[in-house]
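Below you'll find the structure, written out as structure tokens, and then a few comments.
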Amino acid sequence: MAIESKSIDYIAAHERHGRVIDQVPFWFLGNFQFFTIAIGFVGPSMGLGWGYTSLAGALGILFGTLFVAFHASQGVELGLPQMIQSRAQFGFRGVIIVLVGTLLTFIGFNVADTVLAAHGLRGILGWNENAVAICAALAAAFLALYGHDWLHRVFRWCFFLSMPFYTLLTLAIVFGQVPATHLSPGAFTWMAFAGQFAASASYNITYAPSVSDYSRYLPRDTRPRAIISAVFIGATSSAIWLISLGAWLATRLGASDGLVALHDAGNTLFAGFGVMLALTSVLALVATMGFNAYSGMLTIVTGLSSLFEITPTPRLRILAIAALTSTWLGLSFLVSTDSIALVFAVLTIMLYLLVPWTAVNLVDYFFVRRGRYAITHLFTPRGIYGAWGTRGLIAYCVGFASMLPFLVVPDLYTGPVARALGGVDIGWLVGLVASAVTYLWLSREFDPAQEAHAIAASEASLGIVPR
């Protein structure tokens, strides 16, 4: 019940108390709120029907979650937060470049979540938007302060609370108890199908910089297949469900606001059910904001420790969370629902910043170093990974540059190739491949044996039993 004592520190064997089974509801709940429903509005907004939107959404989620799930095995093996591990590819100080994009992603998501929740509850219940925003921010901040175990605990509670409500609404729709008021069958186009696929894949890929943060307390002998499967099942099933639900609400009820759509559809069953459904979804959203605040705190502490010789104390943890909370809350007061598209544009930019990183990180872990790292060397610029990781930084820059002609940033910029493709966003996929191939090519002469002595010494100092 106490506040977590760890932040970016290594989690030793005797501190590993997590369970694989808890990963399923945790990652399920992460997508089990009305923000995900809005992803199902993308296809219909481009003229795509419910069936094809659901199919494209499912395929995109399955593809994007592959990267998230494989990152989870790194937390088990190394016992470290996700971005600390990236020092092996980008260097002790070079990782700052990636950390900036990661931090902006967490802030951007919490700004969007705060604005959507505050505006939705004002429209449904007449609550004051500023009061809702402040309460949501404080709740998320306290959840992040208490840390890993409390996040898992609250996510589990929200999972069991939310499931009956969404199940009842879905069954009501299936059996025709929610009458359609806006029939929009849509028409298939490859552009719309690809757009929905990209939006869905992008949605889950943005979890990649934080997934190890929540698997690092699992015992080191946890089978990789088990943790990968648990994260994959949890993160895909809820997202596929709610994207399909969102597509139905858009094509059958003409919905354009996820929270309002839940409220209105729920109230067709009986009075008050829509309010209960909406409030339950907001609670899950606030828990997800705590998730972003916690990983954002780890990102800040990682960045500061890369620049200065500091000790990750509880005081630093509190200051980092306070700074994060103040930032996203202040920004949310400046963003109106009329400019929420700008928030999504910012999140799109953040995706472009993160995709080259995930490619480099996974290639290094699974194909170059094959999960073998000198953990103690990740905490010093004088270790085997150095201050600046040339291979990783070059691969990252090549991947980012390759995306520029394909970029689609809503209302801001569309690259020349993207225009030729009708505005379909495949830039993230191009960057993924370019960064992965570049890093593999630059690592063609790398010999893992040259790091064997440092790894052995590191494991001995940490009391890790070699496998």
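Chain labels A, B, ... are given in the sequence in which chains occur in the structure tokens; within each chain residues are numbered consecutively from 1, and ligands are likewise numbered from 1 in the order shown.
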(request) Name the residues in contact with Gly234 (chain A) at a cut-off of 8 Å, using only C-alpha atoms, excluding same-chain residues fewer than 5 positions from it; report them as a count of residues only. (result) 7
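Of the listed residues (A:Tyr385, A:Ala208, A:His71, A:Leu353), A:Leu353 comes nearest to Leu404 (chain A); the distances count only C-alpha atoms.
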(message) So, with only C-alpha atoms as the atoms that count, which of A:Asp364, A:Glu77, A:Asp425, A:Glu451 lies closest to Val437 (chain A)?
(response) A:Asp364
(request) List every residue of region 273-459 of chain A that DSSP, applied to the backbone of this structure, places in alpha helix (DSSP H), and write the result as a PyMOL selection string. (result) chain A and resi 273-307+314-334+340-363+390-403+416-420+427-442+452-459
